[in-house]
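protein.cif follows; it contains mmCIF, C-alpha atoms.
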```
data_final
loop_
_atom_site.label_atom_id
_atom_site.label_comp_id
_atom_site.auth_asym_id
_atom_site.auth_seq_id
_atom_site.Cartn_x
_atom_site.Cartn_y
_atom_site.Cartn_z
CA MET J 1 68.27 154.35 107.96
CA ARG J 2 69.75 156.55 110.66
CA GLN J 3 66.26 157.33 111.91
CA ARG J 4 65.38 153.68 111.82
CA LEU J 5 68.51 152.97 113.80
CA SER J 6 67.66 155.40 116.55
CA LEU J 7 64.08 154.15 116.48
CA CYS J 8 65.40 150.67 117.05
CA LEU J 9 67.67 151.83 119.83
CA LEU J 10 64.87 153.58 121.56
CA ALA J 11 62.61 150.64 121.07
CA CYS J 12 65.20 148.69 123.02
CA LEU J 13 65.25 151.26 125.76
CA LEU J 14 61.57 151.86 125.91
CA VAL J 15 60.56 148.27 125.73
CA LEU J 16 61.39 148.21 129.43
CA PRO J 17 58.02 149.54 130.45
CA VAL J 18 56.65 146.18 129.33
CA TRP J 19 57.51 145.29 132.94
CA VAL J 20 54.25 143.83 134.18
CA GLN J 21 52.75 143.35 130.76
CA ALA J 22 53.99 139.80 130.28
CA ASN J 23 50.90 138.99 132.24
CA PRO J 24 48.06 141.23 131.02
CA ALA J 25 45.75 140.02 133.73
CA ALA J 26 48.26 141.13 136.33
CA ALA J 27 48.69 144.38 134.46
CA ALA J 28 45.04 145.07 134.92
CA ALA J 29 45.32 144.26 138.61
CA VAL J 30 48.56 146.24 139.16
CA ARG J 31 48.20 149.35 137.08
CA LEU J 32 51.69 150.54 136.20
CA HIS J 33 52.14 154.27 136.65
CA SER J 34 55.88 154.59 137.15
CA VAL J 35 59.07 152.53 137.24
CA GLN J 36 62.50 153.43 138.62
CA ALA J 37 65.56 151.19 138.68
CA ASP J 38 69.34 151.04 138.58
CA PHE J 39 70.97 149.08 135.78
CA THR J 40 74.28 147.52 134.84
CA GLN J 41 74.99 147.12 131.15
CA GLU J 42 77.38 144.43 129.92
CA LYS J 43 78.54 144.61 126.32
CA ASN J 44 79.96 141.51 124.65
CA LEU J 45 81.58 141.46 121.23
CA LYS J 46 83.65 138.81 119.53
CA ILE J 47 86.67 141.09 119.32
CA LEU J 48 86.70 141.97 123.03
CA ALA J 49 89.16 140.34 125.38
CA ARG J 50 86.90 141.49 128.28
CA PRO J 51 83.26 142.67 128.24
CA LEU J 52 82.54 146.36 128.72
CA PHE J 53 80.45 147.53 131.65
CA SER J 54 78.30 150.64 132.06
CA GLN J 55 76.17 151.73 135.01
CA GLY J 56 73.09 153.87 135.09
CA VAL J 57 69.63 154.66 136.39
CA PHE J 58 66.31 155.12 134.69
CA ALA J 59 62.81 156.30 135.48
CA PHE J 60 59.57 156.14 133.50
CA GLN J 61 56.25 157.68 134.41
CA ALA J 62 52.99 157.47 132.44
CA PRO J 63 52.02 158.79 130.06
CA GLN J 64 55.27 159.77 128.37
CA SER J 65 58.07 160.80 130.73
CA LEU J 66 61.45 159.10 130.67
CA ARG J 67 64.88 159.65 132.17
CA TRP J 68 67.57 157.25 130.93
CA GLU J 69 70.91 158.10 132.50
CA TYR J 70 74.34 156.52 132.17
CA LEU J 71 76.55 157.38 135.12
CA SER J 72 79.66 155.61 133.85
CA PRO J 73 81.85 155.33 131.85
CA LEU J 74 80.29 158.32 130.12
CA HIS J 75 77.71 160.51 131.85
CA THR J 76 74.82 160.96 129.41
CA ILE J 77 71.13 161.63 129.94
CA LEU J 78 68.11 161.17 127.71
CA LEU J 79 65.12 163.15 128.94
CA MET J 80 61.57 163.00 127.59
CA HIS J 81 58.65 164.96 128.96
CA ASP J 82 55.61 166.69 127.49
CA GLY J 83 56.64 165.75 123.96
CA ARG J 84 60.08 167.32 124.40
CA ILE J 85 63.11 165.10 124.00
CA ARG J 86 66.67 166.01 124.90
CA LYS J 87 69.89 164.06 124.97
CA MET J 88 72.83 165.52 126.87
CA ILE J 89 76.38 164.59 127.63
CA GLU J 90 78.52 165.78 130.52
CA ARG J 91 81.78 167.37 129.52
CA ASP J 92 84.10 169.10 132.00
CA GLY J 93 81.39 169.11 134.65
CA ARG J 94 78.70 170.63 132.43
CA PHE J 95 75.95 169.11 130.30
CA GLU J 96 75.94 169.82 126.58
CA PRO J 97 73.35 168.78 123.98
CA ASP J 98 74.27 165.58 122.16
CA ASN J 99 72.75 165.61 118.70
CA GLY J 100 73.99 162.16 117.75
CA ALA J 101 70.60 160.51 117.22
CA GLY J 102 67.55 161.51 115.16
CA LEU J 103 65.15 162.56 117.88
CA ASP J 104 62.02 162.56 115.71
CA SER J 105 61.79 158.81 115.80
CA MET J 106 61.68 158.87 119.58
CA GLN J 107 58.24 160.40 119.48
CA ILE J 108 57.00 157.51 117.33
CA VAL J 109 58.21 155.01 119.87
CA LEU J 110 56.80 157.00 122.74
CA GLN J 111 53.33 156.46 121.32
CA ASP J 112 53.80 152.75 121.88
CA ILE J 113 54.44 153.08 125.54
CA GLY J 114 50.80 153.66 126.22
CA ASN J 115 50.00 150.35 124.52
CA TRP J 116 52.62 148.51 126.53
CA LEU J 117 51.40 149.96 129.78
CA ASP J 118 47.91 148.72 128.97
CA GLY J 119 49.24 145.24 128.33
CA ARG J 120 48.77 145.52 124.57
CA PHE J 121 52.37 144.98 123.66
CA THR J 122 51.50 142.46 120.97
CA ASP J 123 50.25 145.52 119.06
CA ASN J 124 53.90 146.55 118.79
CA PRO J 125 54.54 147.76 115.22
CA VAL J 126 58.29 147.15 115.43
CA PHE J 127 58.61 143.69 117.02
CA ASN J 128 56.90 140.30 116.96
CA VAL J 129 56.42 139.17 120.53
CA THR J 130 56.59 135.54 121.72
CA ARG J 131 56.76 134.00 125.15
CA THR J 132 59.32 131.19 125.18
CA GLU J 133 59.20 130.42 128.91
CA GLU J 134 57.04 131.47 131.81
CA ARG J 135 59.22 134.48 132.55
CA THR J 136 60.94 135.01 129.19
CA VAL J 137 59.54 137.19 126.41
CA VAL J 138 61.32 137.36 123.06
CA LEU J 139 60.95 140.30 120.69
CA THR J 140 62.06 139.90 117.08
CA PRO J 141 62.08 142.81 114.62
CA LYS J 142 59.42 142.67 111.95
CA GLU J 143 61.43 144.50 109.32
CA PRO J 144 64.46 142.82 107.69
CA GLY J 145 66.28 146.16 107.87
CA LEU J 146 66.00 146.15 111.63
CA GLN J 147 66.91 142.49 111.85
CA SER J 148 70.33 143.36 110.45
CA VAL J 149 70.79 145.75 113.38
CA ILE J 150 69.22 143.69 116.17
CA SER J 151 68.37 140.03 115.71
CA ARG J 152 66.24 139.70 118.88
CA ILE J 153 65.61 141.02 122.38
CA GLU J 154 65.01 138.77 125.34
CA LEU J 155 63.16 140.07 128.38
CA HIS J 156 63.60 138.10 131.59
CA LEU J 157 60.95 138.86 134.17
CA GLY J 158 61.65 138.63 137.88
CA THR J 159 59.78 136.48 140.35
CA ALA J 160 58.20 139.51 142.00
CA GLU J 161 55.20 140.85 140.09
CA GLY J 162 56.04 143.83 137.97
CA VAL J 163 59.82 143.50 138.18
CA MET J 164 62.09 142.98 135.19
CA GLU J 165 65.32 141.13 135.94
CA ARG J 166 67.25 141.69 132.75
CA VAL J 167 67.06 142.54 129.05
CA THR J 168 69.44 141.04 126.51
CA ILE J 169 69.75 142.69 123.12
CA PHE J 170 71.30 140.41 120.50
CA GLU J 171 72.96 142.11 117.54
CA GLY J 172 74.20 138.90 115.96
CA PRO J 173 76.42 135.92 116.73
CA ASP J 174 78.77 136.68 119.65
CA ALA J 175 77.45 140.23 120.00
CA TYR J 176 74.96 141.17 122.67
CA THR J 177 74.23 143.77 125.32
CA GLN J 178 72.76 142.69 128.63
CA LEU J 179 71.00 145.09 130.98
CA THR J 180 70.51 143.83 134.53
CA PHE J 181 68.16 145.80 136.76
CA SER J 182 68.20 146.28 140.50
CA LYS J 183 66.53 148.41 143.17
CA THR J 184 63.30 148.54 141.17
CA VAL J 185 60.61 150.81 142.57
CA LEU J 186 57.09 150.76 141.10
CA ASN J 187 54.36 153.36 141.17
CA ARG J 188 56.10 156.02 143.22
CA GLU J 189 55.13 159.52 142.10
CA ILE J 190 58.12 161.15 140.39
CA PRO J 191 58.28 164.97 140.18
CA ALA J 192 58.19 166.37 136.63
CA GLY J 193 61.52 168.12 137.18
CA PHE J 194 63.23 164.73 137.22
CA PHE J 195 62.32 164.37 133.54
CA THR J 196 63.24 167.88 132.48
CA THR J 197 66.54 168.80 134.14
CA PRO J 198 69.86 166.96 134.26
CA MET M 199 73.58 196.46 90.73
CA ARG M 200 72.78 192.82 89.94
CA HIS M 201 76.13 192.47 88.13
CA SER M 202 78.11 193.85 91.04
CA LEU M 203 76.26 191.49 93.39
CA LEU M 204 77.11 188.54 91.15
CA PHE M 205 80.72 189.69 90.93
CA GLY M 206 80.89 190.03 94.70
CA LEU M 207 79.44 186.56 95.21
CA THR M 208 81.84 185.06 92.68
CA MET M 209 84.81 186.74 94.34
CA ALA M 210 83.65 185.59 97.75
CA LEU M 211 83.40 182.02 96.47
CA LEU M 212 86.83 182.23 94.86
CA LEU M 213 88.37 183.65 98.00
CA THR M 214 86.72 180.98 100.08
CA SER M 215 88.01 178.24 97.80
CA CYS M 216 91.49 179.73 97.86
CA ALA M 217 91.52 179.95 101.61
CA LEU M 218 91.46 176.22 102.22
CA ASN M 219 93.62 175.14 105.10
CA GLN M 220 96.88 173.66 103.99
CA GLY M 221 99.07 171.52 106.23
CA LYS M 222 102.49 172.60 107.41
CA PRO M 223 105.47 171.52 105.31
CA LEU M 224 107.79 168.75 106.46
CA PRO M 225 110.43 170.29 108.77
CA LYS M 226 114.14 169.65 108.35
CA LEU M 227 115.68 166.92 110.45
CA ALA M 228 119.17 167.25 111.90
CA PRO M 229 120.63 163.77 112.43
CA ALA M 230 121.23 162.85 116.05
CA ASN M 231 124.69 161.93 117.33
CA GLY M 232 123.46 159.02 119.38
CA SER M 233 120.12 157.33 118.70
CA GLY M 234 119.77 155.08 121.76
CA GLU M 235 117.73 157.43 123.93
CA ILE M 236 115.48 158.64 121.10
CA ARG M 237 114.86 155.09 119.95
CA GLN M 238 113.74 154.11 123.43
CA LEU M 239 111.51 157.17 123.85
CA CYS M 240 109.79 156.58 120.49
CA ALA M 241 109.26 152.91 121.30
CA MET M 242 107.42 153.97 124.48
CA VAL M 243 104.80 155.83 122.40
CA PHE M 244 103.29 152.54 121.19
CA PRO M 245 101.77 149.87 123.44
CA GLN M 246 103.54 146.52 123.09
CA GLY M 247 101.92 143.11 123.51
CA ARG M 248 98.20 142.49 124.07
CA TRP M 249 95.97 145.35 125.18
CA GLN M 250 92.33 146.32 125.31
CA MET M 251 91.64 150.03 125.52
CA VAL M 252 88.35 151.87 125.72
CA HIS M 253 88.01 155.56 124.92
CA THR M 254 85.16 157.99 124.75
CA ILE M 255 85.36 159.71 121.38
CA ALA M 256 83.96 163.14 120.59
CA PHE M 257 84.14 163.77 116.84
CA ARG M 258 83.62 166.89 114.78
CA MET M 259 83.58 166.86 110.98
CA ALA M 260 84.53 169.65 108.58
CA ASP M 261 80.83 170.41 107.97
CA ASP M 262 80.48 170.95 111.74
CA THR M 263 78.49 167.78 112.38
CA SER M 264 79.53 166.23 115.66
CA GLY M 265 78.75 163.37 117.97
CA ASN M 266 79.97 161.05 120.68
CA ALA M 267 80.77 157.36 120.72
CA LEU M 268 82.68 154.72 122.61
CA GLY M 269 85.74 153.30 120.89
CA VAL M 270 87.36 149.96 121.70
CA VAL M 271 90.76 148.91 120.44
CA VAL M 272 92.19 145.43 120.99
CA LEU M 273 95.88 145.19 120.13
CA ASN M 274 97.90 142.04 119.66
CA ASN M 275 101.28 142.88 118.13
CA ARG M 276 100.49 143.88 114.51
CA GLU M 277 96.85 142.79 114.70
CA ILE M 278 94.29 145.47 115.50
CA LYS M 279 90.62 144.94 116.28
CA CYS M 280 88.41 147.94 116.80
CA ALA M 281 84.77 148.81 117.40
CA LEU M 282 82.70 151.95 117.59
CA MET M 283 79.52 151.86 119.62
CA THR M 284 76.88 154.15 120.97
CA VAL M 285 76.79 154.87 124.69
CA GLU M 286 73.65 152.70 124.76
CA GLY M 287 75.75 149.77 123.57
CA LEU M 288 74.72 149.44 119.94
CA THR M 289 77.67 148.43 117.77
CA LEU M 290 78.04 150.84 114.87
CA PHE M 291 81.26 149.51 113.43
CA GLU M 292 83.48 146.49 114.07
CA ALA M 293 86.59 145.51 112.14
CA ARG M 294 89.94 143.78 112.39
CA SER M 295 93.19 144.19 110.53
CA ALA M 296 96.08 141.76 110.84
CA GLU M 297 98.44 143.70 108.62
CA GLU M 298 98.83 147.17 107.14
CA ASP M 299 96.92 146.49 103.91
CA GLU M 300 94.44 143.91 105.20
CA LEU M 301 91.02 144.82 106.59
CA GLU M 302 87.99 142.74 107.55
CA VAL M 303 84.81 144.63 108.42
CA MET M 304 82.53 142.52 110.59
CA ARG M 305 79.74 145.09 111.06
CA ALA M 306 79.12 148.56 109.70
CA LEU M 307 75.85 150.44 110.13
CA PRO M 308 75.05 153.62 108.18
CA PRO M 309 76.63 156.14 108.01
CA PHE M 310 79.73 154.11 108.90
CA ASP M 311 79.27 151.58 106.07
CA LYS M 312 81.35 153.35 103.41
CA PRO M 313 84.57 151.50 102.49
CA ALA M 314 86.51 154.78 102.72
CA PHE M 315 85.39 155.19 106.33
CA ALA M 316 86.65 151.72 107.30
CA THR M 317 90.00 152.28 105.60
CA GLY M 318 90.40 155.76 107.10
CA LEU M 319 89.43 154.66 110.59
CA MET M 320 91.86 151.75 110.60
CA ARG M 321 94.60 154.02 109.25
CA ASP M 322 93.98 156.44 112.13
CA VAL M 323 93.92 153.64 114.70
CA ARG M 324 97.17 152.23 113.32
CA ALA M 325 98.76 155.68 113.36
CA ILE M 326 97.92 156.10 117.05
CA PHE M 327 98.74 152.64 118.35
CA GLN M 328 101.42 151.12 116.14
CA PRO M 329 104.86 152.20 114.90
CA PRO M 330 104.70 153.29 111.26
CA PRO M 331 106.29 151.25 108.49
CA GLY M 332 109.57 152.35 106.94
CA GLN M 333 113.22 152.77 107.87
CA VAL M 334 113.47 155.04 110.91
CA HIS M 335 115.79 158.08 111.08
CA TYR M 336 116.60 159.68 114.44
CA GLY M 337 117.30 163.35 114.90
CA THR M 338 116.19 166.72 116.17
CA LEU M 339 114.24 169.67 114.81
CA ALA M 340 115.72 173.18 114.65
CA ASP M 341 114.42 173.91 118.16
CA GLY M 342 116.04 170.76 119.56
CA THR M 343 112.85 168.65 119.71
CA LEU M 344 113.70 164.94 119.56
CA LEU M 345 112.27 163.16 116.54
CA CYS M 346 111.91 159.71 114.97
CA ARG M 347 111.15 159.97 111.24
CA TYR M 348 109.66 157.15 109.15
CA PRO M 349 109.60 157.82 105.37
CA TYR M 350 107.46 155.24 103.57
CA GLY M 351 106.45 155.59 99.92
CA HIS M 352 104.96 159.07 99.46
CA THR M 353 104.29 159.56 103.16
CA VAL M 354 106.43 160.55 106.12
CA THR M 355 105.55 160.01 109.77
CA ASP M 356 107.28 162.02 112.49
CA ILE M 357 107.12 160.90 116.10
CA LEU M 358 107.93 163.56 118.69
CA PRO M 359 108.23 161.44 121.84
CA GLN M 360 108.69 164.28 124.32
CA LYS M 361 106.46 167.02 122.95
CA ASP M 362 104.77 169.15 125.64
CA GLY M 363 105.20 166.56 128.35
CA CYS M 364 103.66 163.73 126.35
CA TRP M 365 104.02 162.91 122.63
CA GLN M 366 102.85 163.91 119.16
CA ILE M 367 102.66 162.12 115.81
CA HIS M 368 102.61 164.08 112.55
CA THR M 369 101.97 162.47 109.18
CA TYR M 370 102.86 164.13 105.89
CA SER M 371 101.75 163.26 102.35
CA GLU M 372 102.56 164.69 98.95
CA HIS M 373 100.33 167.62 98.05
CA THR M 374 100.46 170.46 95.57
CA SER M 375 101.70 173.45 97.53
CA LEU M 376 99.53 176.56 97.37
CA ARG M 377 100.40 180.24 97.61
CA THR M 378 100.21 181.95 100.99
CA ASP M 379 96.69 183.15 100.06
CA GLY M 380 95.69 179.53 99.52
CA CYS M 381 95.42 179.75 95.71
CA LEU M 382 97.18 177.57 93.15
CA PRO M 383 100.47 179.17 91.97
CA ALA M 384 101.40 179.57 88.28
CA ASP M 385 104.12 176.89 88.67
CA PRO M 386 102.58 174.32 91.00
CA ARG M 387 104.94 171.86 92.66
CA ARG M 388 104.47 168.86 94.91
CA GLU M 389 105.77 168.79 98.46
CA GLN M 390 105.24 166.93 101.71
CA LEU M 391 102.53 168.65 103.78
CA ARG M 392 101.13 167.63 107.15
CA ASP M 393 97.69 166.03 106.89
CA ARG M 394 97.31 164.43 110.31
CA THR M 395 98.30 165.65 113.78
CA ILE M 396 97.96 163.41 116.80
CA THR M 397 98.51 165.13 120.14
CA ALA M 398 98.71 163.05 123.29
CA GLN M 399 98.24 164.62 126.73
CA SER M 400 98.49 163.54 130.37
CA CYS M 401 100.84 160.64 129.76
CA SER M 402 101.74 158.15 132.45
CA PRO M 403 104.16 155.22 132.16
CA VAL M 404 102.34 151.87 132.10
CA ALA M 405 104.18 148.64 131.19
CA SER M 406 106.93 150.28 129.08
CA THR M 407 104.36 152.52 127.39
CA ASN M 408 103.91 156.26 127.78
CA LEU M 409 100.11 155.94 127.96
CA PRO M 410 98.11 159.14 127.31
CA HIS M 411 94.77 159.85 128.97
CA PHE M 412 93.75 162.26 126.23
CA ILE M 413 94.41 162.08 122.49
CA GLU M 414 93.41 164.64 119.90
CA LEU M 415 93.55 163.65 116.24
CA ILE M 416 93.17 166.38 113.63
CA GLY M 417 92.86 165.43 109.98
CA SER M 418 93.59 168.47 107.82
CA GLY M 419 92.07 169.53 104.51
CA PRO M 420 88.58 170.18 103.16
CA ALA M 421 87.34 166.79 104.43
CA GLY M 422 89.06 167.33 107.75
CA TYR M 423 87.87 166.11 111.10
CA THR M 424 88.80 166.18 114.77
CA LEU M 425 88.63 163.31 117.22
CA ASN M 426 89.00 163.89 120.95
CA MET M 427 89.61 160.64 122.77
CA ARG M 428 89.53 160.21 126.56
CA LEU M 429 90.89 156.98 128.00
CA ILE M 430 88.39 155.05 130.10
CA SER M 431 90.33 151.84 130.61
CA ALA M 432 93.54 150.18 129.45
CA GLU M 433 94.13 146.54 130.23
CA ARG M 434 97.25 144.59 129.33
CA PHE M 435 96.97 140.84 128.90
CA PRO M 436 99.58 138.08 128.91
CA ALA M 437 100.49 136.91 125.41
CA SER M 438 98.86 133.53 125.92
CA GLN M 439 95.46 134.82 127.12
#
```

Re-express the file's structure as structure tokens.
Amino acid sequence: MRQRLSLCLLACLLVLPVWVQANPAAAAAVRLHSVQADFTQEKNLKILARPLFSQGVFAFQAPQSLRWEYLSPLHTILLMHDGRIRKMIERDGRFEPDNGAGLDSMQIVLQDIGNWLDGRFTDNPVFNVTRTEERTVVLTPKEPGLQSVISRIELHLGTAEGVMERVTIFEGPDAYTQLTFSKTVLNREIPAGFFTTP
Amino acid sequence: MRHSLLFGLTMALLLTSCALNQGKPLPKLAPANGSGEIRQLCAMVFPQGRWQMVHTIAFRMADDTSGNALGVVVLNNREIKCALMTVEGLTLFEARSAEEDELEVMRALPPFDKPAFATGLMRDVRAIFQPPPGQVHYGTLADGTLLCRYPYGHTVTDILPQKDGCWQIHTYSEHTSLRTDGCLPADPRREQLRDRTITAQSCSPVASTNLPHFIELIGSGPAGYTLNMRLISAERFPASQ
């Protein structure tokens, strides 16, 4: 279950490269090689008097390189490159390994990224994908076990081609996490070191 | 040769089992002449009214497993709501407790879905953020440290409101006392031994509360654990909000 949980988490994170794939024809026209963006994360729970906010940056480059970094309130980095996956946390000015999640499952999800980049995200083994509005894609977990963790994910595409506006991850009634993206840069070559060192 | 190896292994196991950490015994309390100042200092340990606090939590278990999470506590007088979540925002655990012996778990993902975890977590949260139950006694320790003592059933909670520039909370429960080598004596007896130590650091006064920026909670014993909490935000709300 713990592996499934981290798989689900990563699926949420890595679903972002869907980016231009809501429109496969456009995907063919604008081949996605890399994405970089800032994000603000807003966490809402029934028990909270105020939502919680986190800030971060991320970068993805085909075929399988990812940097997912929270800058506040806790500085953590997930790095993936060349089949190697590391999660680190900053403590007293230095990064230490964070072994909180089962990293094996990350590799399974990474295999899907290739499909998403090619516009084949309906092949997703974890989620059913439906398009509810022109710029809204809804992902619902296929497995009941996952549904108890995340009920659905909504992807809101921006007006500019290839730009995601926000992702909302629903855990259940009154509980959701919303990621809003800004300063998106597509297809800029990113040095490998960005995916290997904090 | 094989026999001596077996004997050695057996002795090593026995020694290991005898060397379990045992909490410190309950210290003697000398009654204070006047209780006004101590009462006020102990009251400042606990936030009063409505609060929402967010901490980063680094935890380490007795088996050396460790991890990090975000912890949220929402306080409203005796009611406590709390949640544990990953940095990525996934809620691992969410619960509320209106009273000491009442607990409602709204969400609990493995491995946080054991009833004992929910009870233990809420007990820890209550110990940090709310005054303990019981009739309070004010006094000092042998070294002059100010103390508020709350005996309640088989447990005793000591609040040291001015320990090392901030505050500490020690809880004691009845245990069978062991010999100094950690083994069971021939005539075992029960006594109050410390099983939880909460150490607050970097306190600053906020709205009648001596608010710490760092809290370390150590649960003693074979199933012991350590939580290191760093305050990210503390918001106080009007009662009506």

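Using only C-alpha atoms, the nearest neighbour of M:Leu319 within the list M:Val271, M:Ile413, M:Val285, M:His335 is M:Val271.
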
Suppose you want the space between atom CA of J:Thr130 and atom CA of J:Ser54; what is it in Å?
28.4 Å

Check which residues satisfy the PyMOL selection byres ((chain M) within 10 of (chain J)) in the file shown, then give them as a count of residues only.
45

Excluding same-chain residues fewer than 2 positions from M:Cys240, what lies within 7 Å of it counting all atoms listed in the file, as a PyMOL selection string?
chain M and resi 236-238+242-243+346+357+359

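Applied to the file shown here, the PyMOL selection byres ((chain J and resi 80) around 6) selects Ser65, Leu66, Leu79, His81, Arg84 and Ile85 of chain J.
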
Near stretch 181-185 of chain J, counting all atoms listed in the file, which residues have an atom at most 10 Å away, once you skip same-chain residues fewer than 6 positions from it, shown as number ranges by chain?
J: 34-41, 56-59, 158, 162-167

One-decimal distance in Å that lies between atom CA of M:Asp261 and atom CA of M:Ala421:
8.2 Å

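Comparing M:His411, M:His373, M:Lys226, M:Arg388 by their smallest distance to M:Leu339, the closest is M:Lys226 (using all atoms listed in the file).
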
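For the pair atom CA of M:Thr369 and atom CA of M:Ala384, the interatomic distance is 27.0 Å.
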
Report the centre and edge lengths, in Å to one decimal, of an axis-aligned box enclosing every atom of stretch 230-249 of chain M listed in the file, padded by 4 Å on each side, as JSON.
```
{"center_x": 110.3, "center_y": 152.7, "center_z": 120.6, "size_x": 36.7, "size_y": 28.4, "size_z": 17.1}
```

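With all atoms listed in the file as the basis for measurement, M:Gln390 is the residue among M:Thr317, M:Cys364, M:Gln390, M:Gly422 that approaches M:Pro349 most closely.
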
Leaving out J:Leu139 and any residue of its chain fewer than 2 positions from it, which residues lie within 6 Å of it when counting only C-alpha atoms, given as a short mmCIF file (atom, residue, chain, number, x, y, z; two decimals) with C-alpha atoms, in the frame of the given file?
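Below is the file result_8.cif, written as the result:
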```cif
data_model
loop_
_atom_site.label_atom_id
_atom_site.label_comp_id
_atom_site.auth_asym_id
_atom_site.auth_seq_id
_atom_site.Cartn_x
_atom_site.Cartn_y
_atom_site.Cartn_z
CA PHE J 127 58.61 143.69 117.02
CA ASN J 128 56.90 140.30 116.96
CA VAL J 129 56.42 139.17 120.53
CA ARG J 152 66.24 139.70 118.88
CA ILE J 153 65.61 141.02 122.38
#
```

Generate a file for stretch 66-81 of chain J, containing N, CA and C atoms, as a short mmCIF file (atom, residue, chain, number, x, y, z; two decimals), in the first residue's frame.
```
data_model
loop_
_atom_site.label_atom_id
_atom_site.label_comp_id
_atom_site.auth_asym_id
_atom_site.auth_seq_id
_atom_site.Cartn_x
_atom_site.Cartn_y
_atom_site.Cartn_z
N LEU J 66 13.69 14.74 -14.14
CA LEU J 66 12.73 15.58 -13.40
C LEU J 66 13.42 16.22 -12.20
N ARG J 67 13.09 17.49 -11.96
CA ARG J 67 13.47 18.15 -10.72
C ARG J 67 12.19 18.78 -10.17
N TRP J 68 11.77 18.32 -8.98
CA TRP J 68 10.57 18.84 -8.34
C TRP J 68 11.01 19.39 -6.99
N GLU J 69 10.97 20.71 -6.86
CA GLU J 69 11.61 21.35 -5.70
C GLU J 69 10.64 22.26 -4.97
N TYR J 70 10.47 21.99 -3.67
CA TYR J 70 9.72 22.91 -2.81
C TYR J 70 10.72 23.86 -2.16
N LEU J 71 10.45 25.15 -2.29
CA LEU J 71 11.34 26.15 -1.70
C LEU J 71 10.85 26.55 -0.31
N SER J 72 9.55 26.51 -0.10
CA SER J 72 8.98 26.81 1.21
C SER J 72 7.66 26.06 1.38
N PRO J 73 7.21 25.75 2.58
CA PRO J 73 7.85 26.06 3.86
C PRO J 73 9.03 25.13 4.18
N LEU J 74 9.13 24.04 3.46
CA LEU J 74 10.20 23.09 3.71
C LEU J 74 10.97 22.93 2.40
N HIS J 75 12.28 23.02 2.45
CA HIS J 75 13.06 22.92 1.21
C HIS J 75 13.37 21.45 0.93
N THR J 76 12.67 20.88 -0.05
CA THR J 76 12.90 19.49 -0.43
C THR J 76 13.07 19.41 -1.94
N ILE J 77 13.81 18.42 -2.38
CA ILE J 77 14.03 18.24 -3.82
C ILE J 77 13.90 16.77 -4.19
N LEU J 78 13.15 16.52 -5.25
CA LEU J 78 13.10 15.19 -5.85
C LEU J 78 13.83 15.28 -7.18
N LEU J 79 14.85 14.46 -7.35
CA LEU J 79 15.63 14.48 -8.58
C LEU J 79 15.55 13.11 -9.26
N MET J 80 15.32 13.12 -10.57
CA MET J 80 15.33 11.88 -11.34
C MET J 80 16.15 12.11 -12.61
N HIS J 81 17.08 11.21 -12.85
CA HIS J 81 17.89 11.33 -14.07
C HIS J 81 18.59 9.99 -14.31
#
```
